[in-house]
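Enquirer: The structure that follows is given in the form of structure tokens.
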Amino acid sequence: MAEFKPNIVAIVCNWCTYIAADTAGTARIKYTPYVKIVRVMCSGRVDPQMVLWAFRNGADGVLICGCHPGDCHYKEGNYKAYRRYMLLKRLVKQLGIEEERLRLEWIAASEAPRVKEVFDEFVEQIKKLGPLKLREEVIENP
Amino acid sequence: MSDKVIVVDPITRLEGHGKITIFLDEAGNVKRAYFQIPELRGFEIFCRGRIAEDMPIITPRICGVCPTAHHTASTKTLDDLYKVKPTPTAEKLRRLMYNLFMFEDHVLHIYVLAGPDFIVGPKAPKAERNIFGIIKKVGKEVGLKVIGARKKAREFMTIIGGKTIHPVFGLPGGVSKQLSEETRKQLLEWADEAIEFAKFTHDLFKKLFLEEYKDLVFSDAYMHKTYYMGLVDEHNKVDFYDGKIRIVNPKGNEYAKFDVHQYLDYLGEHVEPWTFVRMTFLKKVGWKGFVDGEDSGILCVAPLARLNAADGMKTPIAQEAYEEFFEAFGGRPVHYTLAMHWARIVETIQAAERIKELASDPDITSPDIRNIPTEKPSVGMAVVEAPRGTLIHHYETDENGIIQKVNLIVATQNNAARICLSIDKAARSLIKNGQVDEGLLNMVEMAFRAYDPCHACATHSLPGSIPLVIEIRNSKGKVIKELRNT
Amino acid sequence: MSREEVRIGVYVCHCGTNIAGVVNVEEVVEYIKKIPGVVVARHYVYMCSEAGQNLIKQDIKEHKLNRVVVASCSPNLHENTFRRAVAEAGLNPYYFQMANIREHCSWVTEDPKEATEKAKMIVRAAVERVKYHEPLEKKKVEVKDKILVVGGGIAGISAALVCANAGKTVYLVEKSPSIGGMMSRLDKTFPTLDCAACILTPKMNEVASHPNIKLITYAEVESVEGFVGNFKVRIRKKPRYVIEDLCVGCEKCVEACVFKEPKFYDEWSFGLKKRKPVYIPFPYAVPRKAIIDPESCLYLKYGRCKQTCVEACDRNAIDFNQKEEIIEVEVGAIILATGYKFIDVSKLPQYGYGKYPNVYIAPEVEVMLNASGPTRGEIILRDGRKPKSVAIIHCVGSRDENNKKYCSRLCCMAAIKLAHLIKERTEAEVYNFYIDIRAAGKGYEEFYKRVASEGVRFIRGKVAEITDVALTPEEEGKLIVRVEDTLAGVIRRIPVDMVVLMPALEPATGVEEVSKMFGVSVTEDFWFLERHPKLAPIATFADGIFLAGCCQGPKDIPDTVMQAEGAAGDALALVSRGYIELEPNIVSIDPEKCSGCRVCVGMCPFGALKYNEEKGVTEVIEALCKGCGTCAAACPSGAIQQNLFKDKQVYAEIAGILAVGGE
Amino acid sequence: MSKEKPKVAFYWCASCGGCEEAVVDLAEEVLKVIELVDIVFWPVAVDTKREDIEKMADGEIFASFINGAIRLSEQEDMVKLLRRKSKFIIAYGSCSYMGGIPALANMWNRETIFNWVYSESPTVMNPDKTTPKTKIEVKEGELELPLFYNTVRTLDQVIEVDYYVPGCPPTPQVTKNALLALLSDELPPKGSVIGALSKSVCEECPLNETKPDKVLIDSFKRLAVTKIDPEKCLLLQGIPCLGPVTRGGCGALCPNGKMPCTGCFGPLDGVLDYGGKAISFLASILDVPPEEDAVLKAIENLPDPVGLVYKYSLARSLLRGRIIKKGGGSE
């Protein structure tokens, strides 16, 4: 059976993680190819709908990355993101998706090495969990 | 192996809301008639994990025709679950809501669904046998009275309960909304009309039952000697909202009188592979199959059962009607299924009278409408009399009030077995040597309709209104004859 | 979304071999061609080149393109380049989307196959997204033509003067009582050995007297609000207990102080000399005004004192009731020049600082050499002797895995300068212990050669420890430097009278607060992060905030002044234009959908959302919206949409990026 | 439209009959409507057989109003037939639009449901574990029952739907608006929700005006044990009222009954997943420190997110229901 290549999207803040990822690139830090970045201006823009939409569209895992507490370019956007994430995690779990498939991380613009750290680590975790199969893929209807 | 199968299917097989299949033997006599309810949604399961206070919101969706019954049963179950009593005002408001509901629901059934059989006549063409037919027969103002009465009652229900279809006002320890003095006054005015209307209805049908349709009502085809179950107050009077569950045997003697918390000791449910509905029976008597009599656990609920199970009505005018009723049938208990219609009218009177009583009480507008629970929830049970019979809700929760288990005994489950009896009996008494009597359809339909089987609760037909089709098929399943009630 | 059929042009850049060396660009182009809506897909060696841009412009005209995607580097580098190109071809610049397949793909992915697959998805996402793009216009916002400079060292001073000379009002905020910073401690500067004071003091005085410069010393920035072009800054000025306008710096109060002898730690000289509670920071301080230190002043501390200073001042300049004041200014641009400090070398016991009195750190020696210093420029040990032998130790904490990994850059030349000055004034034997001599700079190597030829000894090796444990008679009473001479390949013990440590530099105290307050990112060592190490070494990711001097990383004076004047240039360019164009990524509320539930209002820290009672809907105050989109995410009815990040755009991008192997 | 009255059909699937009652509640109104159209199929009122429908030409029926979710095989068969025969299919009511309350069953599967209903339930006496079958051999012959699906589906997950009428049930006013919209010369764009508002319940809620500028709270409360101030926005009292995220048009019935909106009208245009959006706004108004403990404390009274935000729309949600691992039927 073919090796499982996780399909992961990271929705990241423009001011921290996106820059960190740029810097990681400039520094030629090599990391997993399975995490793909979608940019928003602030993690506060992350709407739980985006996460559910990602799962619906084949994501095996979803990362949300923002600025460290206190560092938000817009003061408190990352706090909003965190509160939504906490409640969303509860919903997602109740719907039978392992909590570990959804993760929120703070990565500052200067923390290029952490991009590798977090992405690689997350991919390993998702590999352990295996592919995410949606309800209709698991139980046939009828 | 039979060479004929008759399928009586409301409208079409694929319509799928209650169907009858009759097997004949070689001689063309009925071997067995099956009544199937092909509908299930699984409320008992999917209520699990919900928060307790969601139950009065979720369970009414079991039935859009009698949502108030489920809402009320559910709300009372929450009282029991959180060990909290509603304030006196709150209980009055719930009772007011409930009697309004009983009134409008009975009126709907009497005139729009069952009434046409008697007023317009069972032999009248289908097109005539509806509310419009009635208007033609008894005059426009009566018809408008009917529509008006129901409409008005439902308007009041919206004001009190938030919504009519799927009310929302019930909370553990009370209700969410205070009644305004203005509404109370309007109610009081209207209550007299309601009582007058109920009395008018009583006189109208009494005549029909005792004269035009005596034979029909007293016909053996609709007679089963079963147990009867209903809710009674401390004086053994009919109470829709609360009380003890009383069961009388086919002789009319008290078989049991118990608190809802003992329901598991008395009631069991039987499962058949050919229908989705569970059939309630008396545990201690036991399931003896589809037979009546004192040795069979099959029981009957709804208006007739309630009157049989009680020693009288709560209110004066209804009490007179109660006495007239049993006089007419020669005492308690009454086994004639079609007497159900009369009993329903007696109840309608009580509902109307209760509305007036409650609306007359100035305390009903007090702002003291809720006691806040302080106890940890665990188990709750409650019972009400739905228009179509005894309704029991039973929840178990964790200490945070998250539902762990739900058991629901819905009115029609209680009657399900007896309905099967009626269908089977009607079929046997009417189909002889392969000769299918033209009247069969209507007879069966009327037997069926008498129960006002709210299959919205188990299936989805609007009460009683079940146009029937009979297909007579040979063993190959080919239709060799078709009968329709139009 | 617009009715017209979308016609997308996709351009995959090779970036020489940066992308094409890893990602199979042909394969990506072939894959992208199949996506509905894509009319042309090409790959080209350098899309950012003029030829590359012309390619786009031609296609827009020939193929009637109405959407453009360029897959190349980070939008932080070339988004504007390509938007401009698109605009020049007559298309709205926001019908463009950039796919980052260099920084986020080719540069970070080992396996070319995987890189190619990832690139496909990244480009696909951009293509799906751009379909939903809408024409937008940049918003013009008026810019305040005043400039704030934070930090009054040579960096801040230079930047402030350039701005002021350009005719702009400058607020120069300095934490300590006088400007001048580190440079004010120096006697001579390398490599020219010209007198620091002689070149610094004129600039300091110019600042003090410049009509366009509002000098605010002994003050700190408390809060910053607003955004590029329109910053609102609150400055807290601590009480000096001396009315600056009245004080002429005559020092009568100092003489009159009840403390006859100075006995308190003197910040300027790193404690080499002492001061009184009332003092003037240093002889050529600017402003040259007395100041009273509430920690040591008896009256201010205990409320009991004869207040001889008050009597002594014939201008009644002393005011014990002075309160701290808040000064609010509005500026269009900000220059951060918060400088550096030296690491605490007492944390490195092997060097014996604090343990052995004759171990000094460089700044102490700089002050000692300073004519206005405690010793009037003489090198005198704490025991009063003149050293006959001196060891100067480089890279104390720098280029050190356990401390600062970076090179502090100016120490080598400073050490060589000190060697020269010490030898000049003491004729002592001077040893330099170095790892490498870094003399990259105009005239630096020459200076190094010169000092070496003067007989200063250079020993290559990292010093293991400084000890006073003598093994031989001649080591008695001396400090012994244990070092491996990596050139001679022998362990050596060198006895000296004085040791001078060249400590590593680190950002000034409080840099974390400053970075949060100004919204400027920092590196892992807390140096402020420039927007780009090469192409934007002065700007930060916070628009309108620029960097000058060592707060961005260790620099010597020439580089500091260069960057400072560069920062001034950037700031001037910004404020002189009179307006700025904001990214149009602000939110809008559809009044047809908004029910005025007001969930959004609490989301906005900038007060950009206001509920309109009459209309019963919430409205956006565009000038205040910073475009974070937090309210859009919260809006329960989907009435709020953020330009450039509308729901449908983001969903399309997510779906696109996940459509692995997708049709 | 042709000269003759447009033919209209009503049909129910997995619903409670409330939608029929709602139509009946139009009372006089319904009579007016009936004058405009010719009802060819309405199980509760008109006697027509499936065969009659089959005989009709494709598209002969002007509009079919279908309520109820798709729970059983025969429901799927019937709506597919109606799709062929109808010009317009209208998903009427929350169940056919979003799955409705019955779709909460998507937290489980057929096996779990049957186990409880036919054996585990305390009143059931069924030693030999009988369960309903699709084909049953009884001694007199063979009986049939429709297949009970594992997953409840919305109408548009089974057939193409032209318009949606929201509500559990749709109010008479909404129903009337929808009918008039359909009979008007200018039809609304295909796929739109008709009869209701384009704004949320707050638009019609009398308590909306009691809100301060910023709607922020420190924690959510349980209705069961909380005293409600009838004159104050429930959300501000910590009661998770879904009014802001729910389409208006009902006249804010529940808030007028001093109870929170539970979302039966479903999402507004431009909202992709009702529950996701509800989670977003509920969490957004929490004004607590961004620390795990603080946030958990603030949401401890939301123990059942699914029941809260997908009460009527689980079948329509992006995830459709709970993902059940093989053999993991029960919780």
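Chain identifiers are assigned as A, B, and so on, following the order in which chains appear in the structure tokens; residues are numbered from 1 within each chain, and ligands are numbered from 1 in order of appearance.
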Would you kindly report the residues of chain A within 8 Å of chain C, using only C-alpha atoms, as an MDAnalysis selection string?
Expert: chainID A and resid 7:9 15 21:26 28:34 36:38 40:47 50 53:54 57:59 70:77 80 108:111
Enquirer: Compile the contact shell of Leu93 in chain B as a PyMOL selection string: residues with an atom at most 10 Å away, counting only C-alpha atoms, same-chain residues fewer than 2 positions apart removed.
Expert: chain B and resi 87-91+95-99+160-161+169-170+174-175+177-179+358-359+364-365+369
Enquirer: Do you know which residues are at most 9 Å from Phe55 in chain A counting only C-alpha atoms, after dropping those on the same chain fewer than 6 positions away, and could you put them as a list of chain:residue names?
Expert: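 Once the nearby chain positions are removed, what remains is A:Gly61, A:Val62, A:Leu132, A:Leu134, D:Leu318, D:Leu319.
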Enquirer: Using only C-alpha atoms, find the residues of chain D whose closest atom to chain C is at most 10 Å away, then write them as a ChimeraX atom specification.
Expert: /D:197-205,208-209,211-216,242-248,267-272,274,276-287
Enquirer: Save the residues we just selected, N, CA and C atoms, as a CSV table (one decimal), in the first residue's frame?
Expert:
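Output contents, as saved in again-v6.csv:
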```csv
chain,number,residue,atom,x,y,z
D,197,LEU,N,-36.4,36.6,5.6
D,197,LEU,CA,-35.7,37.8,5.5
D,197,LEU,C,-34.2,37.5,5.0
D,198,SER,N,-33.5,38.6,4.6
D,198,SER,CA,-32.1,38.5,4.3
D,198,SER,C,-31.3,38.9,5.5
D,199,LYS,N,-32.0,39.2,6.6
D,199,LYS,CA,-31.3,39.6,7.8
D,199,LYS,C,-31.6,38.7,9.0
D,200,SER,N,-30.8,38.8,10.0
D,200,SER,CA,-31.0,37.8,11.1
D,200,SER,C,-32.2,38.1,12.0
D,201,VAL,N,-32.4,37.1,12.9
D,201,VAL,CA,-33.5,37.2,13.8
D,201,VAL,C,-33.5,38.5,14.7
D,202,CYS,N,-32.3,39.0,15.0
D,202,CYS,CA,-32.1,40.2,15.7
D,202,CYS,C,-32.9,41.4,15.1
D,203,GLU,N,-33.0,41.3,13.8
D,203,GLU,CA,-33.7,42.4,13.1
D,203,GLU,C,-35.1,42.6,13.6
D,204,GLU,N,-35.7,41.5,14.0
D,204,GLU,CA,-37.1,41.5,14.4
D,204,GLU,C,-37.2,41.4,15.9
D,205,CYS,N,-36.1,41.2,16.6
D,205,CYS,CA,-36.1,41.0,18.0
D,205,CYS,C,-36.2,42.3,18.8
D,208,ASN,N,-33.2,43.5,20.9
D,208,ASN,CA,-31.9,43.9,20.2
D,208,ASN,C,-31.5,45.3,20.7
D,209,GLU,N,-32.6,46.1,20.9
D,209,GLU,CA,-32.3,47.5,21.3
D,209,GLU,C,-31.7,47.6,22.7
D,211,LYS,N,-29.2,46.1,23.7
D,211,LYS,CA,-27.7,45.8,23.7
D,211,LYS,C,-26.9,47.1,23.9
D,212,PRO,N,-25.8,46.9,24.6
D,212,PRO,CA,-24.8,48.0,24.6
D,212,PRO,C,-24.0,48.1,23.3
D,213,ASP,N,-23.1,49.0,23.2
D,213,ASP,CA,-22.3,49.1,22.0
D,213,ASP,C,-21.6,47.8,21.7
D,214,LYS,N,-20.9,47.3,22.7
D,214,LYS,CA,-20.1,46.1,22.5
D,214,LYS,C,-20.8,44.9,23.1
D,215,VAL,N,-21.0,43.8,22.3
D,215,VAL,CA,-21.6,42.6,22.8
D,215,VAL,C,-20.5,41.7,23.3
D,216,LEU,N,-20.2,41.8,24.6
D,216,LEU,CA,-19.1,41.0,25.1
D,216,LEU,C,-19.6,40.4,26.4
D,242,LEU,N,-29.1,32.0,19.4
D,242,LEU,CA,-28.5,32.0,18.0
D,242,LEU,C,-29.2,33.0,17.1
D,243,GLY,N,-29.9,33.9,17.7
D,243,GLY,CA,-30.6,34.9,16.8
D,243,GLY,C,-29.6,35.6,15.8
D,244,PRO,N,-28.5,36.0,16.3
D,244,PRO,CA,-27.6,36.8,15.3
D,244,PRO,C,-27.2,36.0,14.1
D,245,VAL,N,-27.1,34.7,14.3
D,245,VAL,CA,-26.6,33.8,13.2
D,245,VAL,C,-27.7,33.1,12.4
D,246,THR,N,-28.9,33.5,12.8
D,246,THR,CA,-30.1,32.8,12.2
D,246,THR,C,-30.9,33.7,11.3
D,247,ARG,N,-31.4,33.2,10.2
D,247,ARG,CA,-32.2,34.0,9.3
D,247,ARG,C,-33.5,34.4,10.0
D,248,GLY,N,-33.8,35.7,9.8
D,248,GLY,CA,-35.1,36.2,10.4
D,248,GLY,C,-36.2,35.9,9.4
D,267,PRO,N,-29.0,29.3,8.3
D,267,PRO,CA,-28.1,30.4,8.1
D,267,PRO,C,-28.5,31.4,7.1
D,268,LEU,N,-27.8,32.6,7.1
D,268,LEU,CA,-28.1,33.6,6.2
D,268,LEU,C,-27.3,33.4,4.9
D,269,ASP,N,-27.7,34.1,3.8
D,269,ASP,CA,-26.9,33.9,2.6
D,269,ASP,C,-25.5,34.2,2.8
D,270,GLY,N,-24.6,33.5,2.2
D,270,GLY,CA,-23.2,33.8,2.4
D,270,GLY,C,-22.6,33.1,3.6
D,271,VAL,N,-23.4,32.4,4.4
D,271,VAL,CA,-22.8,31.6,5.4
D,271,VAL,C,-22.7,30.2,4.9
D,272,LEU,N,-21.6,29.6,5.0
D,272,LEU,CA,-21.3,28.3,4.4
D,272,LEU,C,-21.8,27.2,5.3
D,274,TYR,N,-23.7,26.6,9.0
D,274,TYR,CA,-24.3,27.3,10.1
D,274,TYR,C,-23.6,27.1,11.4
D,276,GLY,N,-20.5,26.2,12.0
D,276,GLY,CA,-19.2,26.8,12.1
D,276,GLY,C,-19.3,28.3,12.4
D,277,LYS,N,-20.2,28.9,11.7
D,277,LYS,CA,-20.4,30.4,11.9
D,277,LYS,C,-20.9,30.6,13.3
D,278,ALA,N,-21.8,29.8,13.8
D,278,ALA,CA,-22.3,30.0,15.2
D,278,ALA,C,-21.2,29.9,16.2
D,279,ILE,N,-20.3,28.9,16.0
D,279,ILE,CA,-19.2,28.7,16.9
D,279,ILE,C,-18.3,29.9,16.9
D,280,SER,N,-18.1,30.4,15.7
D,280,SER,CA,-17.2,31.6,15.5
D,280,SER,C,-17.8,32.8,16.3
D,281,PHE,N,-19.1,33.1,16.1
D,281,PHE,CA,-19.5,34.3,16.8
D,281,PHE,C,-19.7,34.1,18.3
D,282,LEU,N,-20.1,32.9,18.7
D,282,LEU,CA,-20.2,32.6,20.2
D,282,LEU,C,-18.9,32.8,20.9
D,283,ALA,N,-17.8,32.2,20.3
D,283,ALA,CA,-16.5,32.3,20.9
D,283,ALA,C,-16.0,33.7,20.8
D,284,SER,N,-16.4,34.4,19.8
D,284,SER,CA,-15.8,35.8,19.6
D,284,SER,C,-16.3,36.7,20.7
D,285,ILE,N,-17.5,36.5,21.2
D,285,ILE,CA,-18.0,37.5,22.1
D,285,ILE,C,-17.5,37.3,23.5
D,286,LEU,N,-16.7,36.2,23.7
D,286,LEU,CA,-16.2,35.9,25.0
D,286,LEU,C,-15.0,36.9,25.3
D,287,ASP,N,-15.1,37.6,26.4
D,287,ASP,CA,-14.1,38.5,26.7
D,287,ASP,C,-13.3,38.0,27.9
```
Enquirer: Do you have the CA of Trp190 in chain B-CA of Val138 in chain B distance handy?
Expert: 22.5 Å
Enquirer: Neighbours of range 100-105 of chain A within 9 Å (only C-alpha atoms; same-chain residues fewer than 2 positions away dropped), as a VMD selection string?
Expert: chain A and resid 51 60 to 68 81 to 82 85 89 92 97 to 98 107 118 122 125 to 126 129 132
Enquirer: Pull N, CA and C atoms from the residues just selected and write them as a CSV table (one decimal), in the first residue's frame.
Expert:
```
chain,number,residue,atom,x,y,z
A,51,VAL,N,-12.0,26.0,8.7
A,51,VAL,CA,-11.4,24.7,9.2
A,51,VAL,C,-12.3,23.6,8.7
A,60,ASP,N,-6.3,16.4,6.0
A,60,ASP,CA,-6.1,15.4,7.1
A,60,ASP,C,-5.8,16.2,8.4
A,61,GLY,N,-5.4,17.4,8.2
A,61,GLY,CA,-5.1,18.2,9.4
A,61,GLY,C,-5.1,19.7,9.1
A,62,VAL,N,-5.4,20.5,10.0
A,62,VAL,CA,-5.4,21.9,9.8
A,62,VAL,C,-4.6,22.7,10.9
A,63,LEU,N,-3.7,23.5,10.5
A,63,LEU,CA,-2.9,24.3,11.4
A,63,LEU,C,-3.4,25.8,11.3
A,64,ILE,N,-3.5,26.4,12.5
A,64,ILE,CA,-3.7,27.8,12.5
A,64,ILE,C,-2.5,28.5,13.2
A,65,CYS,N,-1.9,29.4,12.6
A,65,CYS,CA,-0.7,30.0,13.2
A,65,CYS,C,-0.9,31.5,13.3
A,66,GLY,N,-0.5,32.0,14.5
A,66,GLY,CA,-0.6,33.5,14.7
A,66,GLY,C,0.5,34.0,15.5
A,67,CYS,N,0.4,35.2,15.9
A,67,CYS,CA,1.5,35.9,16.7
A,67,CYS,C,1.4,35.4,18.2
A,68,HIS,N,2.5,35.4,18.8
A,68,HIS,CA,2.5,35.1,20.3
A,68,HIS,C,1.5,36.1,21.0
A,81,ALA,N,-8.8,34.4,17.9
A,81,ALA,CA,-8.5,33.1,17.2
A,81,ALA,C,-8.5,32.0,18.2
A,82,TYR,N,-7.8,32.2,19.3
A,82,TYR,CA,-7.6,31.2,20.3
A,82,TYR,C,-9.0,30.7,20.9
A,85,TYR,N,-10.8,28.7,18.5
A,85,TYR,CA,-10.2,27.4,18.3
A,85,TYR,C,-10.6,26.5,19.5
A,89,LYS,N,-12.6,23.1,18.7
A,89,LYS,CA,-12.0,21.8,19.0
A,89,LYS,C,-13.0,20.9,19.6
A,92,VAL,N,-15.4,19.8,16.8
A,92,VAL,CA,-14.8,18.8,15.9
A,92,VAL,C,-14.7,17.5,16.6
A,97,ILE,N,-13.8,13.7,14.9
A,97,ILE,CA,-12.5,14.0,14.3
A,97,ILE,C,-11.5,14.2,15.5
A,98,GLU,N,-10.4,13.5,15.5
A,98,GLU,CA,-9.5,13.6,16.6
A,98,GLU,C,-9.0,15.0,16.7
A,107,ILE,N,3.8,31.4,16.1
A,107,ILE,CA,5.1,31.4,15.5
A,107,ILE,C,5.5,32.9,15.2
A,118,VAL,N,7.4,22.9,13.9
A,118,VAL,CA,6.0,22.7,14.0
A,118,VAL,C,5.4,21.9,12.8
A,122,PHE,N,3.9,18.2,13.2
A,122,PHE,CA,2.4,18.1,12.9
A,122,PHE,C,2.2,17.0,11.9
A,125,GLN,N,2.5,13.7,13.5
A,125,GLN,CA,1.3,13.4,14.2
A,125,GLN,C,0.2,12.9,13.3
A,126,ILE,N,0.0,13.6,12.2
A,126,ILE,CA,-1.1,13.2,11.3
A,126,ILE,C,-0.8,11.9,10.7
A,129,LEU,N,-2.1,9.4,12.9
A,129,LEU,CA,-3.5,9.3,12.9
A,129,LEU,C,-4.1,8.7,11.6
A,132,LEU,N,-7.9,11.2,7.1
A,132,LEU,CA,-9.2,11.6,7.7
A,132,LEU,C,-10.2,11.1,6.7
```
Enquirer: Between A:Tyr79, A:Pro142, A:Glu124, A:Gln94, single out the one closest to chain B, counting only C-alpha atoms.
Expert: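 Going through A:Tyr79, A:Pro142, A:Glu124, A:Gln94 one by one, the smallest distance to chain B is for A:Gln94.
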Enquirer: So which bits of range 51-256 of chain D end up strand (DSSP E) when you DSSP the backbone, as a PyMOL selection string?
Expert: chain D and resi 61-67+70-72+86-92+135-138+141-144+148-153+163-165
Enquirer: What's the 10 Å shell around Ile299 in chain D, counting only C-alpha atoms, without same-chain residues fewer than 3 positions away, as a list in words?
Expert: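 Listing them by chain and then by number gives Arg83, Met86, Leu87 and Arg90 of chain A; Asp218, Ser219, Phe220, Lys221, Leu282, Ala283, Leu286, Ala294, Val295, Leu296, Leu302, Pro303 and Pro305 of chain D.
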Enquirer: Please produce a file of those selected residues containing N, CA and C atoms, as a tab-separated table (two decimals), in the first residue's frame.
Expert:
```
chain	number	residue	atom	x	y	z
A	83	ARG	N	-9.83	31.71	21.24
A	83	ARG	CA	-11.13	31.36	21.84
A	83	ARG	C	-11.97	30.54	20.87
A	86	MET	N	-10.64	27.00	20.67
A	86	MET	CA	-10.98	26.16	21.81
A	86	MET	C	-12.39	25.58	21.67
A	87	LEU	N	-13.34	26.40	21.26
A	87	LEU	CA	-14.72	25.93	21.13
A	87	LEU	C	-14.85	25.02	19.90
A	90	ARG	N	-13.83	21.50	20.50
A	90	ARG	CA	-14.87	20.70	21.17
A	90	ARG	C	-15.89	20.18	20.15
D	218	ASP	N	-18.59	37.33	29.78
D	218	ASP	CA	-17.45	36.64	30.40
D	218	ASP	C	-17.65	35.13	30.46
D	219	SER	N	-18.90	34.67	30.27
D	219	SER	CA	-19.11	33.21	30.24
D	219	SER	C	-20.52	32.91	29.76
D	220	PHE	N	-20.72	31.65	29.36
D	220	PHE	CA	-22.06	31.21	28.96
D	220	PHE	C	-22.75	30.52	30.13
D	221	LYS	N	-24.08	30.61	30.13
D	221	LYS	CA	-24.84	30.04	31.24
D	221	LYS	C	-25.81	28.98	30.74
D	282	LEU	N	-20.08	32.88	18.72
D	282	LEU	CA	-20.22	32.64	20.16
D	282	LEU	C	-18.88	32.79	20.86
D	283	ALA	N	-17.84	32.18	20.28
D	283	ALA	CA	-16.52	32.27	20.91
D	283	ALA	C	-15.99	33.71	20.83
D	286	LEU	N	-16.73	36.20	23.70
D	286	LEU	CA	-16.17	35.93	25.02
D	286	LEU	C	-15.03	36.89	25.29
D	294	ALA	N	-9.02	29.77	31.56
D	294	ALA	CA	-10.02	30.84	31.51
D	294	ALA	C	-11.06	30.55	30.42
D	295	VAL	N	-10.58	30.14	29.25
D	295	VAL	CA	-11.50	29.90	28.14
D	295	VAL	C	-12.37	28.67	28.44
D	296	LEU	N	-11.75	27.62	28.95
D	296	LEU	CA	-12.53	26.42	29.27
D	296	LEU	C	-13.63	26.74	30.29
D	302	LEU	N	-21.21	25.07	27.64
D	302	LEU	CA	-21.56	24.67	26.27
D	302	LEU	C	-21.03	23.24	26.05
D	303	PRO	N	-21.58	22.28	26.79
D	303	PRO	CA	-21.02	20.93	26.73
D	303	PRO	C	-21.41	20.18	25.46
D	305	PRO	N	-21.79	21.25	21.82
D	305	PRO	CA	-21.77	22.15	20.66
D	305	PRO	C	-22.66	21.68	19.52
```
Enquirer: Between B:Asn308, B:Thr75, B:Asn236, B:Ser176, single out the one closest to chain D, counting only C-alpha atoms.
Expert: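 For chain D, the nearest of the candidates is B:Ser176.
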Enquirer: Looking at only C-alpha atoms, which of A:Val35, A:Glu121, A:Arg114, A:Lys133 is the one that sits closest to Thr17 in chain A?
Expert: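 So, comparing all the options, the nearest one is A:Arg114.
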Enquirer: With a distance cut-off of 7 Å and only C-alpha atoms, select the neighbouring residues of range 475-484 of chain C, excluding the residue or stretch itself and same-chain residues fewer than 6 positions from it, and output the selection as a list in words.
Expert: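 Here the qualifying residues turn out to be Gly461, Lys462, Val463, Ala464, Glu465, Ile466, Thr467, Asp468, Val490, Ile491, Arg492, Arg493, Ile494, Pro495, Val496 and Asp497 of chain C.
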Enquirer: Please return as a PyMOL selection string: the residues of range 33-135 of chain A that backbone DSSP assigns to helix (DSSP H, G or I).
Expert: chain A and resi 43-45+48-56+77-94+99-101+112-129+135
